[in-house]
Amino acid sequence: MSVNKEFSKYAHKYQQLNQIQAEVARKLITSLTRTGHPACKPKKILDLGCGSGAIYNLIDWEIEKFVGVDFSSNMLSLHPKAQNVTCKLGDFNDTKLFEELREEQFDYIISASALQWADNVQRVFSDIAKFDLPFSLAIFSAGTFATLNKTAGLSSIIPSYEILKEFAQNALHVDVSIEKLSYSLEFENTREMLRYIKRSGVSGGRNLLTYKQTKKLMDEYPLRYLEFEVVYINSFSKA
Ligand SMILES: C[S@@+](CC[C@H](N)C(=O)[O-])C[C@H]1O[C@@H](n2cnc3c(N)ncnc32)[C@H](O)[C@@H]1O
């Protein structure tokens, strides 16, 4: 199943199932507003991979304009609507999308828990850099599900912290602050954990496990929790 189909299929369950993503969105917004920097309460916001509106729902200051881009119409249908909100169906792998967006006026770019699904993160970073705007990006990295992947003999399909750091330094063209944080989510048992992975869209459409791998995990997974690793990349230097 493609990433798009996966998010579309489970869109209605997204808000229930994504505690970690909710925490990530909260951290992005609180670290933005706590800086006291002139750009800390931006008025014209672009949100890449906006989903059902986690970022928009956390904005508690006056804004003029919010454009949320997502390639899942099911996720967009759950996003709050308002006169100053545009829900734009678009794919951040498509450079033309960015050309269109650069015709508009923004003062901040945000992306929470989405860019790990980019086909080419470095290219998306280059597209973001061309706006010449401050940004806050939170991207899941390869330490996510580390023990699960190791136990099942799988390799991560999302970029590592080191790769994200290198791409950010190469492609974003401004001083960036890069921080890696780990999270965990506890489960009653491994079966519940596997059900969560299936229903939350976090597997990114990969048909994650064969019967044999599932059995191996059920027998051998040593933890009561799932691991998540998130890389926060911020730039406030172009305000
Ligand atoms: C884990 S959700 C995060 C949603 C929201 N930003 C949040 O913090 O809750 C990832 C979102 O990225 C979207 N997405 C993934 N790949 C995308 C792409 N190539 N272009 C646009 N949206 C994409 C998915 O449809 C999904 O809504």
# chains A, B, ... in the order shown; residues from 1 in each chain; ligands from 1
call {"tool": "residues_near_ligand", "arguments": {"ligand": "ligand 1", "cutoff": "8 Å", "atoms": "only C-alpha atoms and all ligand atoms", "output": "number ranges by chain"}}
result
A: 3-4, 7-8, 11, 14-15, 18, 21-22, 24-25, 47-55, 69-73, 75-76, 89-94, 111-119, 201-202
call {"tool": "residues_around", "arguments": {"residues": "Ala129 of chain A", "least_positions_apart": "3", "cutoff": "12 Å", "atoms": "only C-alpha atoms", "output": "PyMOL selection string"}}
result
chain A and resi 98+102+108-109+122-126+132-136+167-176+235+238
call {"tool": "closest_residue", "arguments": {"among": "A:Leu185, A:Ser77, A:Lys41, A:Glu62", "to": "Glu23 of chain A", "atoms": "only C-alpha atoms"}}
result
A:Leu185
call {"tool": "residues_around", "arguments": {"residues": "Lys180 of chain A", "least_positions_apart": "2", "cutoff": "12 Å", "atoms": "only C-alpha atoms", "output": "VMD selection string"}}
result
chain A and resid 24 137 to 144 160 to 162 164 to 165 177 to 178 182 to 183 228 to 234
call {"tool": "write_last_selection", "arguments": {"atoms": "N, CA, C and O atoms", "output": "short mmCIF file (atom, residue, chain, number, x, y, z; two decimals), in the first residue's frame"}}
result
data_model
loop_
_atom_site.label_atom_id
_atom_site.label_comp_id
_atom_site.auth_asym_id
_atom_site.auth_seq_id
_atom_site.Cartn_x
_atom_site.Cartn_y
_atom_site.Cartn_z
N VAL A 24 4.60 15.79 19.32
CA VAL A 24 5.59 16.42 18.43
C VAL A 24 5.06 17.79 17.97
O VAL A 24 5.78 18.80 18.01
N LEU A 137 10.78 22.27 11.50
CA LEU A 137 10.43 20.97 10.91
C LEU A 137 10.66 19.88 11.96
O LEU A 137 11.69 19.88 12.64
N ALA A 138 9.71 18.98 12.08
CA ALA A 138 9.91 17.82 12.96
C ALA A 138 9.77 16.58 12.09
O ALA A 138 8.74 16.40 11.41
N ILE A 139 10.80 15.75 12.09
CA ILE A 139 10.85 14.63 11.14
C ILE A 139 11.19 13.34 11.90
O ILE A 139 12.19 13.30 12.64
N PHE A 140 10.37 12.33 11.73
CA PHE A 140 10.70 11.05 12.36
C PHE A 140 11.96 10.48 11.72
O PHE A 140 12.15 10.62 10.51
N SER A 141 12.80 9.85 12.54
CA SER A 141 14.05 9.32 11.99
C SER A 141 14.21 7.85 12.35
O SER A 141 13.38 7.26 13.06
N ALA A 142 15.32 7.28 11.83
CA ALA A 142 15.45 5.82 11.76
C ALA A 142 15.50 5.10 13.11
O ALA A 142 15.27 3.89 13.18
N GLY A 143 15.75 5.86 14.20
CA GLY A 143 15.70 5.23 15.53
C GLY A 143 14.28 4.83 15.90
O GLY A 143 14.07 4.07 16.86
N THR A 144 13.30 5.31 15.13
CA THR A 144 11.90 4.92 15.34
C THR A 144 11.77 3.42 15.08
O THR A 144 12.23 2.94 14.03
N SER A 160 17.94 8.47 8.58
CA SER A 160 18.58 8.51 9.90
C SER A 160 18.80 9.96 10.34
O SER A 160 18.80 10.89 9.52
N TYR A 161 19.05 10.10 11.63
CA TYR A 161 19.40 11.42 12.19
C TYR A 161 20.61 12.00 11.44
O TYR A 161 20.61 13.17 11.06
N GLU A 162 21.62 11.16 11.21
CA GLU A 162 22.85 11.64 10.58
C GLU A 162 22.57 12.18 9.18
O GLU A 162 23.09 13.21 8.77
N LEU A 164 19.66 13.24 8.02
CA LEU A 164 18.84 14.47 8.09
C LEU A 164 19.73 15.66 8.44
O LEU A 164 19.56 16.76 7.89
N LYS A 165 20.67 15.41 9.34
CA LYS A 165 21.58 16.49 9.76
C LYS A 165 22.42 16.95 8.57
O LYS A 165 22.54 18.15 8.29
N SER A 177 19.20 24.88 14.01
CA SER A 177 19.41 24.11 15.24
C SER A 177 18.79 22.74 15.00
O SER A 177 17.68 22.64 14.46
N ILE A 178 19.56 21.72 15.37
CA ILE A 178 19.07 20.35 15.12
C ILE A 178 19.09 19.61 16.44
O ILE A 178 20.11 19.56 17.13
N SER A 182 13.91 11.31 21.79
CA SER A 182 13.32 9.97 21.75
C SER A 182 12.03 9.94 22.57
O SER A 182 11.92 10.65 23.58
N TYR A 183 11.11 9.14 22.12
CA TYR A 183 9.82 8.97 22.79
C TYR A 183 9.52 7.48 22.88
O TYR A 183 10.05 6.69 22.09
N PHE A 228 10.29 5.76 19.40
CA PHE A 228 10.15 6.77 18.35
C PHE A 228 11.33 7.73 18.48
O PHE A 228 11.76 8.04 19.59
N GLU A 229 11.82 8.19 17.35
CA GLU A 229 12.92 9.18 17.37
C GLU A 229 12.55 10.30 16.41
O GLU A 229 12.13 10.03 15.27
N VAL A 230 12.65 11.51 16.91
CA VAL A 230 12.22 12.66 16.10
C VAL A 230 13.34 13.69 16.04
O VAL A 230 13.94 14.01 17.06
N VAL A 231 13.59 14.20 14.85
CA VAL A 231 14.60 15.23 14.66
C VAL A 231 13.89 16.57 14.43
O VAL A 231 13.03 16.68 13.54
N TYR A 232 14.25 17.55 15.26
CA TYR A 232 13.66 18.88 15.15
C TYR A 232 14.69 19.80 14.49
O TYR A 232 15.82 19.91 14.97
N ILE A 233 14.30 20.42 13.41
CA ILE A 233 15.21 21.31 12.68
C ILE A 233 14.56 22.70 12.63
O ILE A 233 13.46 22.86 12.09
N ASN A 234 15.23 23.66 13.24
CA ASN A 234 14.65 25.00 13.34
C ASN A 234 15.57 26.05 12.78
O ASN A 234 16.78 25.98 12.94
#
call {"tool": "select_by_dssp", "arguments": {"residues": "segment 10-231 of chain A", "states": "alpha helix (DSSP H)", "output": "VMD selection string"}}
result
chain A and resid 14 to 17 19 to 34 54 to 58 73 to 78 95 to 102 121 to 129 146 to 152 161 to 171 190 to 200 211 to 220
call {"tool": "write_last_selection", "arguments": {"atoms": "C-alpha atoms", "output": "tab-separated table (two decimals), in the first residue's frame"}}
result
chain	number	residue	atom	x	y	z
A	14	TYR	CA	-5.53	9.34	13.07
A	15	GLN	CA	-6.45	11.67	15.93
A	16	GLN	CA	-7.18	8.75	18.28
A	17	LEU	CA	-4.01	6.84	17.49
A	19	GLN	CA	-0.33	10.45	20.65
A	20	ILE	CA	3.35	10.81	19.73
A	21	GLN	CA	2.60	12.96	16.68
A	22	ALA	CA	0.35	15.13	18.87
A	23	GLU	CA	3.24	15.58	21.31
A	24	VAL	CA	5.59	16.42	18.43
A	25	ALA	CA	3.20	19.09	17.10
A	26	ARG	CA	2.90	20.55	20.63
A	27	LYS	CA	6.67	20.72	20.99
A	28	LEU	CA	7.05	22.42	17.59
A	29	ILE	CA	4.54	25.11	18.50
A	30	THR	CA	5.70	25.65	22.10
A	31	SER	CA	9.34	25.91	21.12
A	32	LEU	CA	8.38	28.39	18.41
A	33	THR	CA	6.30	30.63	20.68
A	34	ARG	CA	8.71	30.42	23.64
A	54	ALA	CA	-2.62	19.13	14.62
A	55	ILE	CA	-0.58	22.29	13.99
A	56	TYR	CA	-3.50	24.57	13.12
A	57	ASN	CA	-5.37	23.44	16.24
A	58	LEU	CA	-2.47	24.56	18.44
A	73	SER	CA	-7.86	14.17	0.67
A	74	ASN	CA	-9.23	12.11	3.56
A	75	MET	CA	-6.81	13.75	5.98
A	76	LEU	CA	-7.58	17.20	4.51
A	77	SER	CA	-11.30	16.60	4.93
A	78	LEU	CA	-10.68	16.39	8.70
A	95	THR	CA	8.77	20.61	-7.06
A	96	LYS	CA	5.95	22.32	-9.05
A	97	LEU	CA	3.89	22.47	-5.85
A	98	PHE	CA	6.65	24.59	-4.30
A	99	GLU	CA	6.85	26.83	-7.38
A	100	GLU	CA	3.12	27.52	-6.98
A	101	LEU	CA	3.43	28.09	-3.25
A	102	ARG	CA	6.32	30.51	-3.71
A	121	VAL	CA	14.30	14.80	1.77
A	122	GLN	CA	17.29	16.79	0.53
A	123	ARG	CA	15.29	18.04	-2.46
A	124	VAL	CA	12.38	19.02	-0.21
A	125	PHE	CA	14.84	20.90	2.03
A	126	SER	CA	16.16	22.72	-1.07
A	127	ASP	CA	12.59	23.62	-2.04
A	128	ILE	CA	11.98	24.92	1.48
A	129	ALA	CA	15.23	26.93	1.43
A	146	ALA	CA	14.72	0.47	16.34
A	147	THR	CA	14.24	-2.63	18.49
A	148	LEU	CA	11.26	-3.81	16.46
A	149	ASN	CA	13.22	-3.54	13.23
A	150	LYS	CA	16.21	-5.30	14.77
A	151	THR	CA	14.09	-8.12	16.19
A	152	ALA	CA	12.25	-8.67	12.91
A	161	TYR	CA	19.40	11.42	12.19
A	162	GLU	CA	22.85	11.64	10.58
A	163	ILE	CA	21.41	11.85	7.06
A	164	LEU	CA	18.84	14.47	8.09
A	165	LYS	CA	21.58	16.49	9.76
A	166	GLU	CA	23.79	16.31	6.68
A	167	PHE	CA	20.92	17.19	4.31
A	168	ALA	CA	19.81	20.07	6.54
A	169	GLN	CA	23.33	21.50	6.66
A	170	ASN	CA	23.78	21.08	2.88
A	171	ALA	CA	20.40	22.17	1.61
A	190	THR	CA	3.06	-7.19	21.46
A	191	ARG	CA	-0.24	-7.98	19.69
A	192	GLU	CA	-1.64	-4.55	20.70
A	193	MET	CA	1.59	-2.95	19.55
A	194	LEU	CA	1.38	-4.57	16.11
A	195	ARG	CA	-2.29	-3.56	15.82
A	196	TYR	CA	-1.30	0.04	16.58
A	197	ILE	CA	1.36	-0.01	13.86
A	198	LYS	CA	-1.16	-1.29	11.35
A	199	ARG	CA	-3.89	1.22	12.16
A	200	SER	CA	-1.91	4.39	12.78
A	211	TYR	CA	3.70	-14.16	8.94
A	212	LYS	CA	7.13	-15.46	9.94
A	213	GLN	CA	8.38	-12.02	11.00
A	214	THR	CA	5.19	-11.39	12.97
A	215	LYS	CA	5.63	-14.68	14.80
A	216	LYS	CA	9.27	-13.86	15.53
A	217	LEU	CA	8.25	-10.49	16.96
A	218	MET	CA	5.48	-12.01	19.08
A	219	ASP	CA	8.00	-14.48	20.53
A	220	GLU	CA	11.05	-12.28	20.81
call {"tool": "select_by_dssp", "arguments": {"residues": "segment 22-177 of chain A", "states": "strand (DSSP E or B)", "output": "list in words"}}
result
Lys44, Ile45, Leu46, Asp47, Leu48, Lys65, Phe66, Val67, Gly68, Val69, Asp70, Val85, Thr86, Cys87, Lys88, Leu89, Tyr108, Ile109, Ile110, Ser111, Ala112, Phe135, Ser136, Leu137, Ala138, Ile139, Phe140 and Ser177 of chain A
call {"tool": "decode", "arguments": {"residues": "segment 89-112 of chain A", "atoms": "N, CA and C atoms", "output": "PDB file, in the first residue's frame"}}
result
ATOM      1  N   LEU A  89      -4.616  20.272  -1.690  1.00  0.00           N
ATOM      2  CA  LEU A  89      -4.213  18.913  -2.042  1.00  0.00           C
ATOM      3  C   LEU A  89      -2.920  19.009  -2.849  1.00  0.00           C
ATOM      4  N   GLY A  90      -1.856  18.446  -2.336  1.00  0.00           N
ATOM      5  CA  GLY A  90      -0.580  18.545  -3.051  1.00  0.00           C
ATOM      6  C   GLY A  90       0.435  17.593  -2.463  1.00  0.00           C
ATOM      7  N   ASP A  91       1.451  17.310  -3.275  1.00  0.00           N
ATOM      8  CA  ASP A  91       2.465  16.325  -2.906  1.00  0.00           C
ATOM      9  C   ASP A  91       3.801  17.048  -2.737  1.00  0.00           C
ATOM     10  N   PHE A  92       4.388  16.969  -1.540  1.00  0.00           N
ATOM     11  CA  PHE A  92       5.643  17.706  -1.354  1.00  0.00           C
ATOM     12  C   PHE A  92       6.834  17.068  -2.083  1.00  0.00           C
ATOM     13  N   ASN A  93       6.601  15.950  -2.765  1.00  0.00           N
ATOM     14  CA  ASN A  93       7.646  15.414  -3.645  1.00  0.00           C
ATOM     15  C   ASN A  93       7.672  16.128  -4.989  1.00  0.00           C
ATOM     16  N   ASP A  94       6.648  16.962  -5.202  1.00  0.00           N
ATOM     17  CA  ASP A  94       6.484  17.614  -6.494  1.00  0.00           C
ATOM     18  C   ASP A  94       7.013  19.048  -6.424  1.00  0.00           C
ATOM     19  N   THR A  95       8.138  19.283  -7.097  1.00  0.00           N
ATOM     20  CA  THR A  95       8.766  20.606  -7.057  1.00  0.00           C
ATOM     21  C   THR A  95       7.826  21.704  -7.562  1.00  0.00           C
ATOM     22  N   LYS A  96       6.910  21.324  -8.502  1.00  0.00           N
ATOM     23  CA  LYS A  96       5.953  22.320  -9.046  1.00  0.00           C
ATOM     24  C   LYS A  96       5.048  22.868  -7.950  1.00  0.00           C
ATOM     25  N   LEU A  97       4.715  22.021  -6.983  1.00  0.00           N
ATOM     26  CA  LEU A  97       3.894  22.473  -5.854  1.00  0.00           C
ATOM     27  C   LEU A  97       4.587  23.660  -5.177  1.00  0.00           C
ATOM     28  N   PHE A  98       5.904  23.532  -4.977  1.00  0.00           N
ATOM     29  CA  PHE A  98       6.645  24.593  -4.300  1.00  0.00           C
ATOM     30  C   PHE A  98       6.724  25.848  -5.169  1.00  0.00           C
ATOM     31  N   GLU A  99       6.838  25.654  -6.488  1.00  0.00           N
ATOM     32  CA  GLU A  99       6.853  26.831  -7.376  1.00  0.00           C
ATOM     33  C   GLU A  99       5.548  27.611  -7.206  1.00  0.00           C
ATOM     34  N   GLU A 100       4.434  26.868  -7.178  1.00  0.00           N
ATOM     35  CA  GLU A 100       3.121  27.520  -6.982  1.00  0.00           C
ATOM     36  C   GLU A 100       3.064  28.218  -5.628  1.00  0.00           C
ATOM     37  N   LEU A 101       3.524  27.530  -4.597  1.00  0.00           N
ATOM     38  CA  LEU A 101       3.427  28.091  -3.246  1.00  0.00           C
ATOM     39  C   LEU A 101       4.310  29.330  -3.081  1.00  0.00           C
ATOM     40  N   ARG A 102       5.425  29.355  -3.820  1.00  0.00           N
ATOM     41  CA  ARG A 102       6.320  30.512  -3.705  1.00  0.00           C
ATOM     42  C   ARG A 102       5.733  31.775  -4.336  1.00  0.00           C
ATOM     43  N   GLU A 103       4.665  31.616  -5.118  1.00  0.00           N
ATOM     44  CA  GLU A 103       3.964  32.795  -5.659  1.00  0.00           C
ATOM     45  C   GLU A 103       3.162  33.494  -4.565  1.00  0.00           C
ATOM     46  N   GLU A 104       2.940  32.762  -3.463  1.00  0.00           N
ATOM     47  CA  GLU A 104       2.117  33.315  -2.379  1.00  0.00           C
ATOM     48  C   GLU A 104       3.012  33.930  -1.311  1.00  0.00           C
ATOM     49  N   GLN A 105       2.380  34.676  -0.406  1.00  0.00           N
ATOM     50  CA  GLN A 105       3.111  35.295   0.701  1.00  0.00           C
ATOM     51  C   GLN A 105       2.972  34.454   1.953  1.00  0.00           C
ATOM     52  N   PHE A 106       4.110  34.092   2.546  1.00  0.00           N
ATOM     53  CA  PHE A 106       4.104  33.405   3.846  1.00  0.00           C
ATOM     54  C   PHE A 106       5.150  34.072   4.719  1.00  0.00           C
ATOM     55  N   ASP A 107       5.042  33.857   6.029  1.00  0.00           N
ATOM     56  CA  ASP A 107       6.173  34.281   6.854  1.00  0.00           C
ATOM     57  C   ASP A 107       6.748  33.154   7.698  1.00  0.00           C
ATOM     58  N   TYR A 108       6.187  31.945   7.570  1.00  0.00           N
ATOM     59  CA  TYR A 108       6.759  30.822   8.328  1.00  0.00           C
ATOM     60  C   TYR A 108       6.365  29.493   7.681  1.00  0.00           C
ATOM     61  N   ILE A 109       7.294  28.552   7.717  1.00  0.00           N
ATOM     62  CA  ILE A 109       6.994  27.205   7.201  1.00  0.00           C
ATOM     63  C   ILE A 109       7.117  26.206   8.354  1.00  0.00           C
ATOM     64  N   ILE A 110       6.104  25.374   8.465  1.00  0.00           N
ATOM     65  CA  ILE A 110       6.088  24.359   9.524  1.00  0.00           C
ATOM     66  C   ILE A 110       5.824  23.003   8.882  1.00  0.00           C
ATOM     67  N   SER A 111       6.428  21.976   9.444  1.00  0.00           N
ATOM     68  CA  SER A 111       6.038  20.630   9.031  1.00  0.00           C
ATOM     69  C   SER A 111       6.241  19.696  10.217  1.00  0.00           C
ATOM     70  N   ALA A 112       5.190  18.962  10.577  1.00  0.00           N
ATOM     71  CA  ALA A 112       5.264  18.069  11.740  1.00  0.00           C
ATOM     72  C   ALA A 112       4.984  16.633  11.320  1.00  0.00           C
TER      73      ALA A 112
END
